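Participant: Shown below is the structure under consideration.
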Amino acid sequence: MTSRLLSTACGLLGLTLALAPASSTQAADGTWPTEKANAWYASKPWLVGCNFSPSTAINQLEMWQAETFDPATIDRELGWAQDLGFNSVRVFLHDLLWQQDSQGLLQRMEEFLTIADKHKIGVMFVLFDSVWDPNPKLGLQRPPHAGLHNSGWAQSPGRAILQDPAKQDSLKPFVQGVLKHFKNDQRIHAWDLMNEPDNNNANSYGLLEPKNKGDLAFELLKKTFTWAREINPDQPLTAGIWIGEWTADKIHPIHKFQLDNSDIITYHSYDPLDKHKARVAPLKLYNRPILCTEFMARPNGSQFDPILAWLKSEKIGAYCWGFVAGKTNTIYAWDTWKQPATSEPKVWFHDIFRANGTPFDAKEVGYIKSVTGAK
């Protein structure tokens, strides 16, 4: 979902890995020992799926608010995910939902988990997200802007809270309330605490972002790990890295913190296979399970074939971005923020199915099934 012209700046990493990261031998305070993390992963099948929101929701708020929660669409679309052989989905929450109606949110999360479990699909919930609109509002969400990628996706928390470290503390009840309620729920695969915390949305809402956003997000990320560790859920905690260089001698402090404090390693790559492999190489030194929680942007060369089969061969979890084309408009590319598209692209950026269940590319769907073993 990355608001990138930034992704192309990541470049091809060198494969010289002179120094193993400290956390490969010694866990950060509260982080699962590597033995526990690897035992957790050994108990799971190869995790494969998508970043999921129903096609009827423009953002997290529309997905979860009582007036627009859509279990019928969720059930239908997760059925298509099951048919592909998907067994896990990554799903975003929003702190404003807790403020609005905490018990209602928990109830709808329970309903979502029940539907997913019916389709033999586990869930990775994402608590916070630093990408797209920094001024989220509860209630009726605006309609999609035609031809514009993720025209209504909302940051969590919004700028008003993120830029005030004192207000950040008001998020603790959300984090701990959700984790406490579901801490023993085996339908949940993992907790992703913050999506791309240091993303500055340079090509979309960049002018609205705090100049020190990376520092502010780092502060919130540290707090969130502390709050989550106090609950000590059965499921692993993680915060995925997405940009920069990840070798021990070049990694940025926030990314090192993410890796050192994650029970399982998660990352994003919208690169072709050769660059994708290079991105993963430094992560293997952590000796922890690895999951790619975002990939697949067809025009970038990040495509199911051959990346999905390679991820399976490495037992790296695989979550493509997008699933059913709908109100998020993610069939359009990131650069539509420069100039919105006036027609459907010949090659979709993300997503697999149209809202009626017809695949964008039937051959691609056949390939996915061949890798997942779906019949």
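By convention here, the chains of the structure tokens are called A, B, ... in the order presented, each chain's residues are numbered starting at 1, and ligands are numbered starting at 1 in the order presented.
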Per DSSP on the backbone, what are the helix (DSSP H, G or I) residues of region 294-371 of chain A, as a list in words?
Facilitator: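 Those in region 294-371 of chain A that DSSP calls helix (DSSP H, G or I) are Arg298, Pro299, Asn300, Phe304, Asp305, Pro306, Ile307, Leu308, Ala309, Trp310, Leu311, Lys312, Ser313, Trp334, Asp335, Thr336, Trp337, Ala362, Lys363, Glu364, Val365, Gly366, Tyr367, Ile368, Lys369, Ser370 and Val371 of chain A.
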Participant: Since we have the selection now, will you write its residues out, keeping N, CA and C atoms, as a PDB file, in the first residue's frame?
Facilitator:
ATOM      1  N   ARG A 298       2.283  -5.370 -10.330  1.00  0.00           N
ATOM      2  CA  ARG A 298       2.621  -5.966 -11.632  1.00  0.00           C
ATOM      3  C   ARG A 298       3.551  -5.101 -12.485  1.00  0.00           C
ATOM      4  N   PRO A 299       3.243  -3.809 -12.698  1.00  0.00           N
ATOM      5  CA  PRO A 299       4.124  -3.024 -13.577  1.00  0.00           C
ATOM      6  C   PRO A 299       5.531  -2.839 -13.032  1.00  0.00           C
ATOM      7  N   ASN A 300       5.712  -3.028 -11.718  1.00  0.00           N
ATOM      8  CA  ASN A 300       7.048  -2.918 -11.122  1.00  0.00           C
ATOM      9  C   ASN A 300       7.886  -4.169 -11.331  1.00  0.00           C
ATOM     10  N   PHE A 304       3.202 -12.440  -9.164  1.00  0.00           N
ATOM     11  CA  PHE A 304       3.067 -13.751  -8.537  1.00  0.00           C
ATOM     12  C   PHE A 304       4.040 -14.754  -9.134  1.00  0.00           C
ATOM     13  N   ASP A 305       4.108 -14.792 -10.439  1.00  0.00           N
ATOM     14  CA  ASP A 305       5.022 -15.691 -11.140  1.00  0.00           C
ATOM     15  C   ASP A 305       6.276 -14.907 -11.529  1.00  0.00           C
ATOM     16  N   PRO A 306       7.438 -15.169 -10.895  1.00  0.00           N
ATOM     17  CA  PRO A 306       7.809 -16.361 -10.129  1.00  0.00           C
ATOM     18  C   PRO A 306       7.933 -16.151  -8.623  1.00  0.00           C
ATOM     19  N   ILE A 307       7.564 -14.968  -8.116  1.00  0.00           N
ATOM     20  CA  ILE A 307       7.893 -14.637  -6.724  1.00  0.00           C
ATOM     21  C   ILE A 307       7.191 -15.557  -5.731  1.00  0.00           C
ATOM     22  N   LEU A 308       5.921 -15.884  -5.995  1.00  0.00           N
ATOM     23  CA  LEU A 308       5.178 -16.695  -5.032  1.00  0.00           C
ATOM     24  C   LEU A 308       5.833 -18.056  -4.826  1.00  0.00           C
ATOM     25  N   ALA A 309       6.248 -18.700  -5.910  1.00  0.00           N
ATOM     26  CA  ALA A 309       6.888 -20.012  -5.780  1.00  0.00           C
ATOM     27  C   ALA A 309       8.211 -19.907  -5.029  1.00  0.00           C
ATOM     28  N   TRP A 310       8.961 -18.825  -5.274  1.00  0.00           N
ATOM     29  CA  TRP A 310      10.222 -18.660  -4.553  1.00  0.00           C
ATOM     30  C   TRP A 310       9.972 -18.460  -3.057  1.00  0.00           C
ATOM     31  N   LEU A 311       8.999 -17.641  -2.708  1.00  0.00           N
ATOM     32  CA  LEU A 311       8.686 -17.441  -1.292  1.00  0.00           C
ATOM     33  C   LEU A 311       8.302 -18.765  -0.634  1.00  0.00           C
ATOM     34  N   LYS A 312       7.518 -19.570  -1.337  1.00  0.00           N
ATOM     35  CA  LYS A 312       7.148 -20.869  -0.773  1.00  0.00           C
ATOM     36  C   LYS A 312       8.374 -21.750  -0.586  1.00  0.00           C
ATOM     37  N   SER A 313       9.282 -21.744  -1.552  1.00  0.00           N
ATOM     38  CA  SER A 313      10.481 -22.585  -1.454  1.00  0.00           C
ATOM     39  C   SER A 313      11.341 -22.194  -0.256  1.00  0.00           C
ATOM     40  N   TRP A 334       0.577   3.846  -7.845  1.00  0.00           N
ATOM     41  CA  TRP A 334       0.881   4.922  -6.892  1.00  0.00           C
ATOM     42  C   TRP A 334       0.977   6.275  -7.592  1.00  0.00           C
ATOM     43  N   ASP A 335       1.543   6.286  -8.799  1.00  0.00           N
ATOM     44  CA  ASP A 335       1.795   7.572  -9.445  1.00  0.00           C
ATOM     45  C   ASP A 335       0.539   8.245  -9.998  1.00  0.00           C
ATOM     46  N   THR A 336      -0.636   7.614  -9.793  1.00  0.00           N
ATOM     47  CA  THR A 336      -1.863   8.325 -10.162  1.00  0.00           C
ATOM     48  C   THR A 336      -2.105   9.529  -9.256  1.00  0.00           C
ATOM     49  N   TRP A 337      -1.312   9.636  -8.178  1.00  0.00           N
ATOM     50  CA  TRP A 337      -1.386  10.852  -7.351  1.00  0.00           C
ATOM     51  C   TRP A 337      -0.804  12.049  -8.103  1.00  0.00           C
ATOM     52  N   ALA A 362      -6.910 -14.950 -15.630  1.00  0.00           N
ATOM     53  CA  ALA A 362      -7.219 -16.337 -15.287  1.00  0.00           C
ATOM     54  C   ALA A 362      -5.955 -17.200 -15.215  1.00  0.00           C
ATOM     55  N   LYS A 363      -4.988 -16.923 -16.088  1.00  0.00           N
ATOM     56  CA  LYS A 363      -3.735 -17.688 -16.056  1.00  0.00           C
ATOM     57  C   LYS A 363      -3.001 -17.443 -14.741  1.00  0.00           C
ATOM     58  N   GLU A 364      -3.012 -16.202 -14.272  1.00  0.00           N
ATOM     59  CA  GLU A 364      -2.379 -15.871 -12.997  1.00  0.00           C
ATOM     60  C   GLU A 364      -3.037 -16.620 -11.842  1.00  0.00           C
ATOM     61  N   VAL A 365      -4.356 -16.682 -11.849  1.00  0.00           N
ATOM     62  CA  VAL A 365      -5.079 -17.420 -10.812  1.00  0.00           C
ATOM     63  C   VAL A 365      -4.704 -18.897 -10.860  1.00  0.00           C
ATOM     64  N   GLY A 366      -4.572 -19.439 -12.057  1.00  0.00           N
ATOM     65  CA  GLY A 366      -4.135 -20.827 -12.174  1.00  0.00           C
ATOM     66  C   GLY A 366      -2.757 -21.041 -11.589  1.00  0.00           C
ATOM     67  N   TYR A 367      -1.866 -20.093 -11.809  1.00  0.00           N
ATOM     68  CA  TYR A 367      -0.518 -20.187 -11.241  1.00  0.00           C
ATOM     69  C   TYR A 367      -0.568 -20.150  -9.715  1.00  0.00           C
ATOM     70  N   ILE A 368      -1.334 -19.225  -9.157  1.00  0.00           N
ATOM     71  CA  ILE A 368      -1.445 -19.132  -7.697  1.00  0.00           C
ATOM     72  C   ILE A 368      -1.915 -20.465  -7.127  1.00  0.00           C
ATOM     73  N   LYS A 369      -2.946 -21.034  -7.732  1.00  0.00           N
ATOM     74  CA  LYS A 369      -3.470 -22.320  -7.250  1.00  0.00           C
ATOM     75  C   LYS A 369      -2.441 -23.432  -7.369  1.00  0.00           C
ATOM     76  N   SER A 370      -1.630 -23.385  -8.417  1.00  0.00           N
ATOM     77  CA  SER A 370      -0.606 -24.418  -8.586  1.00  0.00           C
ATOM     78  C   SER A 370       0.444 -24.347  -7.480  1.00  0.00           C
ATOM     79  N   VAL A 371       0.709 -23.132  -6.991  1.00  0.00           N
ATOM     80  CA  VAL A 371       1.688 -22.970  -5.913  1.00  0.00           C
ATOM     81  C   VAL A 371       1.083 -23.311  -4.554  1.00  0.00           C
TER      82      VAL A 371
END
Participant: Neighbouring residues of Ile115 (chain A) were defined as those with any atom within 10 Å, considering only C-alpha atoms; residues of the same chain fewer than 4 positions away were excluded. Please report them as a ChimeraX atom specification.
Facilitator: /A:71-72,74-76,78-79,109-111,119-121
Participant: Just N, CA and C atoms for this one: save the residues we selected as a short mmCIF file (atom, residue, chain, number, x, y, z; two decimals), in the first residue's frame.
Facilitator:
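Done, and the output landed in result_19.cif:
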data_model
loop_
_atom_site.label_atom_id
_atom_site.label_comp_id
_atom_site.auth_asym_id
_atom_site.auth_seq_id
_atom_site.Cartn_x
_atom_site.Cartn_y
_atom_site.Cartn_z
N PRO A 71 -20.64 -7.99 6.42
CA PRO A 71 -20.26 -9.41 6.55
C PRO A 71 -20.59 -10.24 5.32
N ALA A 72 -21.63 -9.88 4.59
CA ALA A 72 -21.98 -10.67 3.39
C ALA A 72 -20.86 -10.60 2.35
N ILE A 74 -17.71 -9.71 2.97
CA ILE A 74 -16.53 -10.34 3.58
C ILE A 74 -16.59 -11.85 3.39
N ASP A 75 -17.72 -12.45 3.66
CA ASP A 75 -17.89 -13.90 3.53
C ASP A 75 -17.67 -14.34 2.09
N ARG A 76 -18.27 -13.63 1.15
CA ARG A 76 -18.14 -14.00 -0.26
C ARG A 76 -16.68 -13.89 -0.71
N LEU A 78 -13.85 -13.75 1.11
CA LEU A 78 -12.94 -14.69 1.78
C LEU A 78 -13.15 -16.11 1.23
N GLY A 79 -14.34 -16.38 0.72
CA GLY A 79 -14.56 -17.65 0.04
C GLY A 79 -13.70 -17.76 -1.20
N MET A 109 -14.94 -7.56 15.20
CA MET A 109 -13.73 -8.36 15.00
C MET A 109 -14.01 -9.83 15.23
N GLU A 110 -14.79 -10.14 16.26
CA GLU A 110 -15.19 -11.53 16.51
C GLU A 110 -15.95 -12.09 15.31
N GLU A 111 -16.86 -11.30 14.77
CA GLU A 111 -17.63 -11.76 13.62
C GLU A 111 -16.72 -11.99 12.42
N HIS A 119 -13.67 -20.21 6.58
CA HIS A 119 -12.96 -20.43 5.32
C HIS A 119 -11.53 -20.92 5.54
N LYS A 120 -11.24 -21.34 6.78
CA LYS A 120 -9.93 -21.88 7.13
C LYS A 120 -8.82 -20.86 6.91
N ILE A 121 -9.12 -19.62 7.26
CA ILE A 121 -8.19 -18.51 7.08
C ILE A 121 -7.91 -17.87 8.43
#
Participant: Please provide as a ChimeraX atom specification all residues within 9 Å of Gln65 (chain A), with the sequence filter that same-chain residues fewer than 3 positions apart are discarded (counting only C-alpha atoms).
Facilitator: /A:60-62,68-69,97,100-101,104-105,108,138-139
Participant: Keeping N, CA and C atoms for every residue in the selection just given, could you write it to a file as a short mmCIF file (atom, residue, chain, number, x, y, z; two decimals), in the first residue's frame?
Facilitator:
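After the write, part-v8.cif holds the following:
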data_model
loop_
_atom_site.label_atom_id
_atom_site.label_comp_id
_atom_site.auth_asym_id
_atom_site.auth_seq_id
_atom_site.Cartn_x
_atom_site.Cartn_y
_atom_site.Cartn_z
N GLN A 60 -10.19 1.60 6.44
CA GLN A 60 -10.42 0.81 7.65
C GLN A 60 -11.70 1.23 8.37
N LEU A 61 -11.98 2.53 8.37
CA LEU A 61 -13.16 3.01 9.08
C LEU A 61 -14.44 2.50 8.42
N GLU A 62 -14.49 2.56 7.11
CA GLU A 62 -15.68 2.07 6.42
C GLU A 62 -15.80 0.56 6.55
N THR A 68 -21.46 0.47 8.13
CA THR A 68 -20.94 0.02 6.84
C THR A 68 -20.23 -1.34 6.92
N PHE A 69 -20.18 -1.93 8.09
CA PHE A 69 -19.61 -3.29 8.21
C PHE A 69 -20.44 -4.21 7.33
N LEU A 97 -11.80 3.73 15.87
CA LEU A 97 -12.88 2.77 16.07
C LEU A 97 -13.03 2.42 17.54
N GLN A 100 -14.70 5.37 19.23
CA GLN A 100 -16.11 5.47 18.86
C GLN A 100 -16.97 4.46 19.59
N ASP A 101 -16.51 3.20 19.62
CA ASP A 101 -17.35 2.11 20.15
C ASP A 101 -16.47 0.89 20.36
N GLY A 104 -18.31 -2.49 20.35
CA GLY A 104 -18.79 -2.79 19.01
C GLY A 104 -17.66 -3.25 18.11
N LEU A 105 -16.50 -2.60 18.22
CA LEU A 105 -15.35 -3.02 17.43
C LEU A 105 -14.97 -4.46 17.75
N ARG A 108 -17.43 -6.86 16.21
CA ARG A 108 -17.29 -7.02 14.77
C ARG A 108 -15.99 -7.75 14.41
N LEU A 138 -14.16 9.98 11.78
CA LEU A 138 -15.20 8.97 11.94
C LEU A 138 -16.43 9.37 11.13
N GLY A 139 -17.34 8.40 10.97
CA GLY A 139 -18.60 8.67 10.28
C GLY A 139 -18.53 8.31 8.82
#
Participant: Here is a test: counting only C-alpha atoms, which residue of A:Asp215, A:Thr31, A:Ala37, A:Cys320 is nearest to Arg288 (chain A)?
Facilitator: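 Ranking A:Asp215, A:Thr31, A:Ala37, A:Cys320 by distance to Arg288 (chain A), first place goes to A:Ala37.
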Participant: Which one of A:His252, A:Leu285, A:Lys36, A:Trp242 sits closest to Asp271 (chain A) if you count only C-alpha atoms?
Facilitator: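 The closest residue to Asp271 (chain A) is A:Trp242.
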Participant: Can you pull out every residue from region 52-296 of chain A that DSSP, working from the backbone, puts in strand (DSSP E), and format the result as JSON, numbers by chain?
Facilitator: {"A": [88, 89, 90, 91, 92, 122, 123, 124, 125, 126, 127, 128, 129, 188, 189, 190, 191, 192, 193, 194, 195, 237, 238, 265, 266, 267, 268, 290, 291, 292, 293, 294, 295]}
Participant: With C-alpha atoms retained, could you export that selection as a compact mmCIF listing (two decimals), in the first residue's frame?
Facilitator:
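This went into result14.txt:
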# COMPACT_ATOMS: atom_id res chain seq x y z
CA SER A 88 -4.07 -16.04 6.06
CA VAL A 89 -5.06 -12.41 5.59
CA ARG A 90 -3.54 -9.18 6.86
CA VAL A 91 -6.24 -6.75 8.03
CA PHE A 92 -6.00 -3.15 9.25
CA GLY A 122 -6.22 -16.99 9.96
CA VAL A 123 -5.73 -13.27 10.50
CA MET A 124 -2.83 -10.89 11.08
CA PHE A 125 -4.25 -7.66 12.49
CA VAL A 126 -2.45 -4.33 11.95
CA LEU A 127 -3.00 -1.84 14.77
CA PHE A 128 -1.50 1.38 13.38
CA ASP A 129 -0.71 2.65 9.88
CA ILE A 188 -5.17 -14.80 14.96
CA HIS A 189 -1.80 -15.55 13.41
CA ALA A 190 0.09 -12.43 14.52
CA TRP A 191 -0.10 -8.77 15.51
CA ASP A 192 1.52 -6.21 13.19
CA LEU A 193 1.87 -3.21 15.47
CA MET A 194 2.53 -0.43 12.93
CA ASN A 195 2.59 -0.36 9.15
CA LEU A 237 4.33 -9.37 17.64
CA THR A 238 5.98 -7.73 14.66
CA ILE A 265 10.50 -10.78 10.91
CA THR A 266 8.18 -9.05 8.46
CA TYR A 267 9.04 -6.90 5.48
CA HIS A 268 7.67 -5.37 2.25
CA ILE A 290 10.18 -14.38 7.88
CA LEU A 291 6.96 -13.15 6.32
CA CYS A 292 6.63 -10.82 3.35
CA THR A 293 3.54 -8.86 4.35
CA GLU A 294 3.35 -6.78 1.15
CA PHE A 295 4.36 -7.62 -2.41
